[in-house]
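Participant: Here it is: the structure, laid out below.
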Amino acid sequence: MTTGETTPEVDVVSEDGYDLDRKRVAQILFALDRDDRETLITLMDPLHPADIADLLEQVNAFDRGRLIRLYGREFDGDILSELDDSIREEVIAALNPQVLAEAVRELDSDDVVDLLEDLEEPQQEAILDALEDSDRVAVEQSLRYPENSAGRLMQREVVMAPEHWTVGQAIDHMRAAEDLPEQFYHVVVVDPRVRPVGQVTLGRLMSSRRTVPLMQLLEDTFQVIPVDQDEEDVAYAFNQYHLISAPVVDDDGRLVGAITIDDAMIVLDEEHEEDILRLAGVGDGSLSDKVSETTKQRFPWLAVNLVTAILASLVIAQFDETIAGFVALAVLMPIVASMGGNAGTQSLTVAVRALATRDLTGANVWRVIRREVLVGLINGTIFAVVMGGIGVIWFGTPMLGVVIGAAMVINLVVAGLAGTVIPVILDRIGVDPALASGAFVTTVTDVVGFFAFLGLAGAVLV
């Protein structure tokens, strides 16, 4: 290093881990209030595009617009790829057209496709117009593939080599090429009809002699992805077979693109997030959504919950005389329902996750059901003893302890059964188990819990 050279500032992990450093955020906002562009750029340049995207998501809409305008030409295309879908359109609208054009040209084709998918037509045209003609054709071809397919997920930029080439020829080709992907991990070896026959890792390529044929260096694990394959299946293949990248082929088996692990992991992460949100009945919401959008997403499932609560109340109404004759039942009823609901949620969460990862199949479904029922039986028996004792001590009625104990066992067994069987049935009939299972399981545990408790009480105590 020569005298006078400076090293780029490295952004150190904050005290909260990899969260945005609060002090830096405050400094950025202070520079923004002063319209101090030089200081703003100095503070933001060391940040990763993902961190800048987080910053844009965390500030309010007014500051977001000011920040984009002041940051100007420094705006990196990778920031657009990292942004939450809910504000991406807003950010693109706030960007100067020339800045947007420069930012988009930096992106790989798969990132451009990802940007375009959620935009309105005018903004799609603005981005497409910013691309070079060859890049625009490639992106438009990708957009013709079905949504959520490998064709949408793949990047068109692929490094390929004929099967008769040697290591030296492949290296010379890459050195001479001007349009190599920014990141790639394999050289795809193809036959004369441009069909992939294998791939060579860059590590093996660079560590081998120039005269070694590429066919001698092919990886043992080689998976070809059909262009119309669902992206969930693609992500599963990457996770299952520990892939780093995989070639994508058309209906004739010819190479049309490649998918890399970062894109596959994004899909996996989105699927996991979607399952968690749907289990909670909040759809695909995010912190950046408007009040009206969040209300629309949550209202339907609150309405479903109201219906299930009414069903449980109808069951209780059938035993009003029993409750009136033995007031202690009203005190203990919520305990039975709550325990069943929690047990059902535990089984449901495990089942939905296992279905998503394809660990729960027809081959082991009955074993899993038996396990959950036995777990419910054992836990139910333990808590039945506990609550039976509490019932006797609290109200001085031994038979009340027997009733609540028996109801506890019944409800926890049913909870384990319903929490496993309901998502499996919904999955078999094509309904997303993460979206609909919770309401059904809650209904079953509430109805069975109240019916078992009040029914036994009516038969034994009154």
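Here, A, B, ... name the chains of the structure tokens in the order displayed, residue numbers run from 1 inside each chain, and ligands are numbered from 1 in the same displayed order.
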Give the strand (DSSP E) residues of segment 164-307 of chain A, as DSSP finds them on the backbone, and put them as a list in words.

Facilitator: His186, Val187, Val188, Val189, Val190, Pro196, Val197, Gly198, Gln199, Val200, Thr201, Ile225, Pro226, Ser245, Ala246, Pro247, Val248, Val249, Leu255, Val256, Gly257, Ala258, Ile259 and Thr260 of chain A

Participant: Selected residues, N, CA, C and O atoms, written as a compact mmCIF listing (two decimals), in the first residue's frame, please.

Facilitator:
# COMPACT_ATOMS: atom_id res chain seq x y z
N HIS A 186 -20.17 -22.47 -10.28
CA HIS A 186 -19.90 -23.61 -11.14
C HIS A 186 -19.75 -23.19 -12.59
O HIS A 186 -20.32 -22.17 -13.01
N VAL A 187 -19.04 -24.00 -13.34
CA VAL A 187 -19.07 -23.95 -14.79
C VAL A 187 -19.92 -25.13 -15.24
O VAL A 187 -19.64 -26.29 -14.88
N VAL A 188 -20.99 -24.85 -15.97
CA VAL A 188 -21.89 -25.91 -16.42
C VAL A 188 -21.34 -26.51 -17.71
O VAL A 188 -21.08 -25.79 -18.68
N VAL A 189 -21.16 -27.81 -17.73
CA VAL A 189 -20.65 -28.52 -18.91
C VAL A 189 -21.84 -29.00 -19.73
O VAL A 189 -22.76 -29.64 -19.19
N VAL A 190 -21.84 -28.68 -21.03
CA VAL A 190 -22.99 -28.99 -21.88
C VAL A 190 -22.56 -29.82 -23.09
O VAL A 190 -21.40 -29.79 -23.51
N PRO A 196 -27.20 -29.73 -20.25
CA PRO A 196 -26.21 -29.91 -19.18
C PRO A 196 -25.91 -31.39 -18.94
O PRO A 196 -26.83 -32.22 -18.87
N VAL A 197 -24.63 -31.71 -18.85
CA VAL A 197 -24.22 -33.09 -18.54
C VAL A 197 -23.52 -33.15 -17.18
O VAL A 197 -23.22 -34.23 -16.69
N GLY A 198 -23.27 -32.00 -16.58
CA GLY A 198 -22.60 -31.94 -15.28
C GLY A 198 -22.10 -30.54 -15.02
O GLY A 198 -22.31 -29.63 -15.84
N GLN A 199 -21.46 -30.35 -13.89
CA GLN A 199 -20.89 -29.05 -13.58
C GLN A 199 -19.62 -29.21 -12.75
O GLN A 199 -19.45 -30.19 -12.04
N VAL A 200 -18.75 -28.21 -12.89
CA VAL A 200 -17.44 -28.24 -12.23
C VAL A 200 -17.38 -27.03 -11.29
O VAL A 200 -17.67 -25.90 -11.69
N THR A 201 -16.99 -27.27 -10.03
CA THR A 201 -16.84 -26.16 -9.09
C THR A 201 -15.62 -25.32 -9.47
O THR A 201 -14.64 -25.84 -10.02
N ILE A 225 -32.83 -28.52 -12.82
CA ILE A 225 -34.13 -27.95 -12.42
C ILE A 225 -34.96 -27.64 -13.66
O ILE A 225 -34.53 -26.85 -14.51
N PRO A 226 -36.15 -28.24 -13.81
CA PRO A 226 -37.04 -27.86 -14.92
C PRO A 226 -37.49 -26.41 -14.78
O PRO A 226 -37.75 -25.94 -13.67
N SER A 245 -25.45 -24.31 -6.52
CA SER A 245 -26.14 -23.78 -7.69
C SER A 245 -26.59 -24.96 -8.53
O SER A 245 -26.10 -26.08 -8.38
N ALA A 246 -27.55 -24.69 -9.41
CA ALA A 246 -28.08 -25.77 -10.26
C ALA A 246 -28.53 -25.17 -11.59
O ALA A 246 -29.12 -24.08 -11.62
N PRO A 247 -28.26 -25.87 -12.70
CA PRO A 247 -28.72 -25.38 -14.01
C PRO A 247 -30.22 -25.55 -14.18
O PRO A 247 -30.81 -26.49 -13.63
N VAL A 248 -30.82 -24.66 -14.94
CA VAL A 248 -32.25 -24.72 -15.24
C VAL A 248 -32.41 -25.04 -16.72
O VAL A 248 -31.71 -24.46 -17.57
N VAL A 249 -33.30 -25.98 -17.03
CA VAL A 249 -33.46 -26.42 -18.43
C VAL A 249 -34.90 -26.23 -18.88
O VAL A 249 -35.83 -26.22 -18.07
N LEU A 255 -30.10 -25.84 -21.65
CA LEU A 255 -29.76 -24.91 -20.58
C LEU A 255 -30.31 -23.51 -20.88
O LEU A 255 -30.06 -22.95 -21.95
N VAL A 256 -31.07 -22.95 -19.93
CA VAL A 256 -31.63 -21.61 -20.12
C VAL A 256 -31.26 -20.67 -18.98
O VAL A 256 -31.49 -19.46 -19.07
N GLY A 257 -30.68 -21.18 -17.90
CA GLY A 257 -30.33 -20.32 -16.78
C GLY A 257 -29.75 -21.13 -15.64
O GLY A 257 -29.47 -22.31 -15.77
N ALA A 258 -29.60 -20.47 -14.51
CA ALA A 258 -29.07 -21.13 -13.31
C ALA A 258 -29.69 -20.49 -12.08
O ALA A 258 -30.02 -19.30 -12.07
N ILE A 259 -29.85 -21.30 -11.04
CA ILE A 259 -30.33 -20.81 -9.75
C ILE A 259 -29.22 -21.01 -8.74
O ILE A 259 -28.59 -22.06 -8.69
N THR A 260 -28.98 -19.99 -7.93
CA THR A 260 -27.91 -20.07 -6.93
C THR A 260 -28.53 -20.16 -5.53
O THR A 260 -29.70 -19.85 -5.33

Participant: Just want the 12 Å neighbourhood of segment 54-70 of chain A, counted on only C-alpha atoms, with same-chain residues fewer than 3 positions away dropped. Output as JSON, numbers by chain.

Facilitator: {"A": [18, 19, 20, 21, 22, 24, 25, 26, 28, 29, 30, 31, 32, 33, 34, 35, 36, 37, 38, 39, 40, 41, 44, 47, 48, 49, 50, 51, 73, 74, 75, 76, 79, 80, 81, 82, 83, 84, 85, 86, 87, 88, 90, 91, 92, 93, 94, 95, 96, 97, 99, 100, 286, 287, 288, 289, 290]}

Participant: Which of these, A:Asp432, A:Val385, A:Val409, A:Ile316, has the shortest distance to Gly455 of chain A once you count only C-alpha atoms?

Facilitator: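 Counting only C-alpha atoms, the residue closest to Gly455 of chain A is A:Ile316.
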
Participant: Env of Phe238 of chain A: 12 Å cut, atoms = only C-alpha atoms, seq-sep filter 3 positions within chain, self excluded. Answer as a list in words.

Facilitator: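 Here the answer would be Thr221, Phe222, Gln223, Val224, Ile225, Glu231, Glu232, Asp233, Val234, Ala235, Tyr241, His242, Leu243, Ile244, Ser245, Ala246, Pro247, Ile259, Thr260, Ile261, Asp262, Asp263, Ala264, Met265, Ile266, Val267 and Leu268 of chain A.
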
Participant: With N, CA and C atoms kept, could you save the residues just selected as a PDB file, in the first residue's frame?

Facilitator:
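The resulting result-v3.pdb:
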ATOM      1  N   THR A 221     -22.703 -34.749  -7.083  1.00  0.00           N
ATOM      2  CA  THR A 221     -24.097 -34.336  -6.901  1.00  0.00           C
ATOM      3  C   THR A 221     -24.466 -33.351  -8.003  1.00  0.00           C
ATOM      4  N   PHE A 222     -25.421 -33.748  -8.825  1.00  0.00           N
ATOM      5  CA  PHE A 222     -25.814 -32.906  -9.959  1.00  0.00           C
ATOM      6  C   PHE A 222     -27.319 -32.984 -10.125  1.00  0.00           C
ATOM      7  N   GLN A 223     -27.992 -31.854  -9.952  1.00  0.00           N
ATOM      8  CA  GLN A 223     -29.433 -31.781 -10.095  1.00  0.00           C
ATOM      9  C   GLN A 223     -29.788 -30.764 -11.167  1.00  0.00           C
ATOM     10  N   VAL A 224     -30.670 -31.148 -12.063  1.00  0.00           N
ATOM     11  CA  VAL A 224     -31.162 -30.252 -13.110  1.00  0.00           C
ATOM     12  C   VAL A 224     -32.567 -29.807 -12.729  1.00  0.00           C
ATOM     13  N   ILE A 225     -32.831 -28.522 -12.818  1.00  0.00           N
ATOM     14  CA  ILE A 225     -34.127 -27.949 -12.422  1.00  0.00           C
ATOM     15  C   ILE A 225     -34.957 -27.639 -13.663  1.00  0.00           C
ATOM     16  N   GLU A 231     -41.142 -22.955  -7.237  1.00  0.00           N
ATOM     17  CA  GLU A 231     -39.962 -22.490  -6.503  1.00  0.00           C
ATOM     18  C   GLU A 231     -39.836 -23.150  -5.122  1.00  0.00           C
ATOM     19  N   GLU A 232     -40.956 -23.589  -4.543  1.00  0.00           N
ATOM     20  CA  GLU A 232     -40.884 -24.313  -3.277  1.00  0.00           C
ATOM     21  C   GLU A 232     -40.133 -25.631  -3.457  1.00  0.00           C
ATOM     22  N   ASP A 233     -40.396 -26.310  -4.580  1.00  0.00           N
ATOM     23  CA  ASP A 233     -39.698 -27.562  -4.865  1.00  0.00           C
ATOM     24  C   ASP A 233     -38.219 -27.305  -5.135  1.00  0.00           C
ATOM     25  N   VAL A 234     -37.935 -26.187  -5.768  1.00  0.00           N
ATOM     26  CA  VAL A 234     -36.536 -25.820  -6.024  1.00  0.00           C
ATOM     27  C   VAL A 234     -35.799 -25.614  -4.702  1.00  0.00           C
ATOM     28  N   ALA A 235     -36.406 -24.845  -3.810  1.00  0.00           N
ATOM     29  CA  ALA A 235     -35.778 -24.575  -2.512  1.00  0.00           C
ATOM     30  C   ALA A 235     -35.598 -25.866  -1.724  1.00  0.00           C
ATOM     31  N   TYR A 241     -30.378 -31.574  -0.932  1.00  0.00           N
ATOM     32  CA  TYR A 241     -29.168 -32.124  -1.546  1.00  0.00           C
ATOM     33  C   TYR A 241     -27.943 -31.227  -1.370  1.00  0.00           C
ATOM     34  N   HIS A 242     -28.080 -30.182  -0.532  1.00  0.00           N
ATOM     35  CA  HIS A 242     -26.964 -29.292  -0.200  1.00  0.00           C
ATOM     36  C   HIS A 242     -26.330 -28.693  -1.462  1.00  0.00           C
ATOM     37  N   LEU A 243     -27.191 -28.172  -2.333  1.00  0.00           N
ATOM     38  CA  LEU A 243     -26.719 -27.596  -3.586  1.00  0.00           C
ATOM     39  C   LEU A 243     -26.234 -26.167  -3.366  1.00  0.00           C
ATOM     40  N   ILE A 244     -25.268 -25.763  -4.182  1.00  0.00           N
ATOM     41  CA  ILE A 244     -24.807 -24.368  -4.194  1.00  0.00           C
ATOM     42  C   ILE A 244     -25.406 -23.636  -5.386  1.00  0.00           C
ATOM     43  N   SER A 245     -25.451 -24.310  -6.519  1.00  0.00           N
ATOM     44  CA  SER A 245     -26.138 -23.782  -7.694  1.00  0.00           C
ATOM     45  C   SER A 245     -26.592 -24.960  -8.531  1.00  0.00           C
ATOM     46  N   ALA A 246     -27.549 -24.693  -9.411  1.00  0.00           N
ATOM     47  CA  ALA A 246     -28.081 -25.765 -10.262  1.00  0.00           C
ATOM     48  C   ALA A 246     -28.528 -25.167 -11.589  1.00  0.00           C
ATOM     49  N   PRO A 247     -28.265 -25.871 -12.700  1.00  0.00           N
ATOM     50  CA  PRO A 247     -28.718 -25.378 -14.007  1.00  0.00           C
ATOM     51  C   PRO A 247     -30.217 -25.551 -14.182  1.00  0.00           C
ATOM     52  N   ILE A 259     -29.847 -21.299 -11.041  1.00  0.00           N
ATOM     53  CA  ILE A 259     -30.334 -20.810  -9.753  1.00  0.00           C
ATOM     54  C   ILE A 259     -29.225 -21.008  -8.739  1.00  0.00           C
ATOM     55  N   THR A 260     -28.975 -19.993  -7.932  1.00  0.00           N
ATOM     56  CA  THR A 260     -27.914 -20.071  -6.926  1.00  0.00           C
ATOM     57  C   THR A 260     -28.533 -20.158  -5.530  1.00  0.00           C
ATOM     58  N   ILE A 261     -27.715 -20.567  -4.588  1.00  0.00           N
ATOM     59  CA  ILE A 261     -28.222 -20.878  -3.249  1.00  0.00           C
ATOM     60  C   ILE A 261     -28.843 -19.673  -2.566  1.00  0.00           C
ATOM     61  N   ASP A 262     -28.345 -18.461  -2.842  1.00  0.00           N
ATOM     62  CA  ASP A 262     -28.913 -17.292  -2.171  1.00  0.00           C
ATOM     63  C   ASP A 262     -30.380 -17.100  -2.542  1.00  0.00           C
ATOM     64  N   ASP A 263     -30.724 -17.346  -3.824  1.00  0.00           N
ATOM     65  CA  ASP A 263     -32.117 -17.217  -4.239  1.00  0.00           C
ATOM     66  C   ASP A 263     -32.978 -18.325  -3.640  1.00  0.00           C
ATOM     67  N   ALA A 264     -32.437 -19.545  -3.591  1.00  0.00           N
ATOM     68  CA  ALA A 264     -33.190 -20.660  -3.014  1.00  0.00           C
ATOM     69  C   ALA A 264     -33.453 -20.437  -1.531  1.00  0.00           C
ATOM     70  N   MET A 265     -32.470 -19.911  -0.811  1.00  0.00           N
ATOM     71  CA  MET A 265     -32.645 -19.671   0.622  1.00  0.00           C
ATOM     72  C   MET A 265     -33.640 -18.550   0.887  1.00  0.00           C
ATOM     73  N   ILE A 266     -33.709 -17.570  -0.018  1.00  0.00           N
ATOM     74  CA  ILE A 266     -34.712 -16.513   0.125  1.00  0.00           C
ATOM     75  C   ILE A 266     -36.114 -17.115   0.046  1.00  0.00           C
ATOM     76  N   VAL A 267     -36.293 -18.058  -0.899  1.00  0.00           N
ATOM     77  CA  VAL A 267     -37.591 -18.725  -1.030  1.00  0.00           C
ATOM     78  C   VAL A 267     -37.921 -19.494   0.244  1.00  0.00           C
ATOM     79  N   LEU A 268     -36.944 -20.247   0.779  1.00  0.00           N
ATOM     80  CA  LEU A 268     -37.170 -20.997   2.009  1.00  0.00           C
ATOM     81  C   LEU A 268     -37.557 -20.065   3.150  1.00  0.00           C
TER      82      LEU A 268
END

Participant: Pick out the closest residue to Thr381 of chain A from this set: A:Ala406, A:Leu360, A:Asp114, A:Glu125. Count only C-alpha atoms.

Facilitator: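 Among A:Ala406, A:Leu360, A:Asp114, A:Glu125, it is A:Ala406 that comes nearest to Thr381 of chain A.
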
Participant: What does the structure give for the distance between atom CA of Leu329 of chain A and atom CA of Gly391 of chain A, in Å to one decimal?

Facilitator: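 Interatomic distance here is 10.2 Å.
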
Participant: Pick out the residues sitting within 12 Å of Ala309 of chain A, and hand them over as a list in words; count only C-alpha atoms, and ignore anything fewer than 2 positions along from it in its own chain.

Facilitator: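 So, after excluding close chain neighbours, the residues are Leu302, Ala303, Val304, Asn305, Leu306, Val307, Leu311, Ala312, Ser313, Leu314, Val315, Ile316, Ala337, Ala439, Phe440, Thr442, Thr443, Val444, Thr445, Asp446, Val447 and Phe450 of chain A.
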
Participant: Just the number, please: distance in Å from atom CA of Val386 of chain A to atom CA of Val327 of chain A, one decimal.

Facilitator: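 It comes out at 20.6 Å.
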
Participant: Please measure the separation of atom CA of Ile382 of chain A and atom CA of Ser347 of chain A, giving the value in Å to one decimal.

Facilitator: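 Atom-to-atom, atom CA of Ile382 of chain A and atom CA of Ser347 of chain A are spaced 17.8 Å apart.
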
Participant: Residues within 8 Å of Glu372 of chain A, please, as a PyMOL selection string. Count only C-alpha atoms; anything in the same chain fewer than 4 positions from it doesn't count.

Facilitator: chain A and resi 347+368+376+413+416-417+420

Participant: Excluding His164 of chain A and its own-chain neighbours fewer than 6 positions away, which residues fall within 8 Å of it when counting only C-alpha atoms? Please give them as an mmCIF file with all heavy atoms, in the first residue's frame.

Facilitator:
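around-v4.cif written:
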data_model
loop_
_atom_site.group_PDB
_atom_site.id
_atom_site.type_symbol
_atom_site.label_atom_id
_atom_site.label_comp_id
_atom_site.auth_asym_id
_atom_site.auth_seq_id
_atom_site.Cartn_x
_atom_site.Cartn_y
_atom_site.Cartn_z
ATOM 1 N N PRO A 213 -9.216 -32.691 -18.777
ATOM 2 C CA PRO A 213 -10.554 -32.503 -19.362
ATOM 3 C C PRO A 213 -11.585 -32.173 -18.281
ATOM 4 O O PRO A 213 -11.534 -32.711 -17.173
ATOM 5 C CB PRO A 213 -10.862 -33.865 -19.996
ATOM 6 C CG PRO A 213 -9.539 -34.531 -20.149
ATOM 7 C CD PRO A 213 -8.695 -34.051 -19.010
ATOM 8 N N LEU A 214 -12.525 -31.299 -18.610
ATOM 9 C CA LEU A 214 -13.571 -30.917 -17.652
ATOM 10 C C LEU A 214 -14.407 -32.124 -17.229
ATOM 11 O O LEU A 214 -14.876 -32.187 -16.086
ATOM 12 C CB LEU A 214 -14.482 -29.851 -18.266
ATOM 13 C CG LEU A 214 -13.863 -28.470 -18.510
ATOM 14 C CD1 LEU A 214 -14.902 -27.541 -19.136
ATOM 15 C CD2 LEU A 214 -13.337 -27.858 -17.223
ATOM 16 N N MET A 215 -14.587 -33.089 -18.129
ATOM 17 C CA MET A 215 -15.421 -34.253 -17.818
ATOM 18 C C MET A 215 -14.851 -35.087 -16.675
ATOM 19 O O MET A 215 -15.582 -35.852 -16.041
ATOM 20 C CB MET A 215 -15.604 -35.119 -19.064
ATOM 21 C CG MET A 215 -16.408 -34.469 -20.169
ATOM 22 S SD MET A 215 -18.134 -34.144 -19.685
ATOM 23 C CE MET A 215 -18.772 -35.825 -19.655
#

Participant: Please list as a PyMOL selection string every residue within 9 Å of Ala170 of chain A, counting only C-alpha atoms and excluding residues in the same chain fewer than 2 positions away.

Facilitator: chain A and resi 160-162+165-168+172-175+187+205+210+214
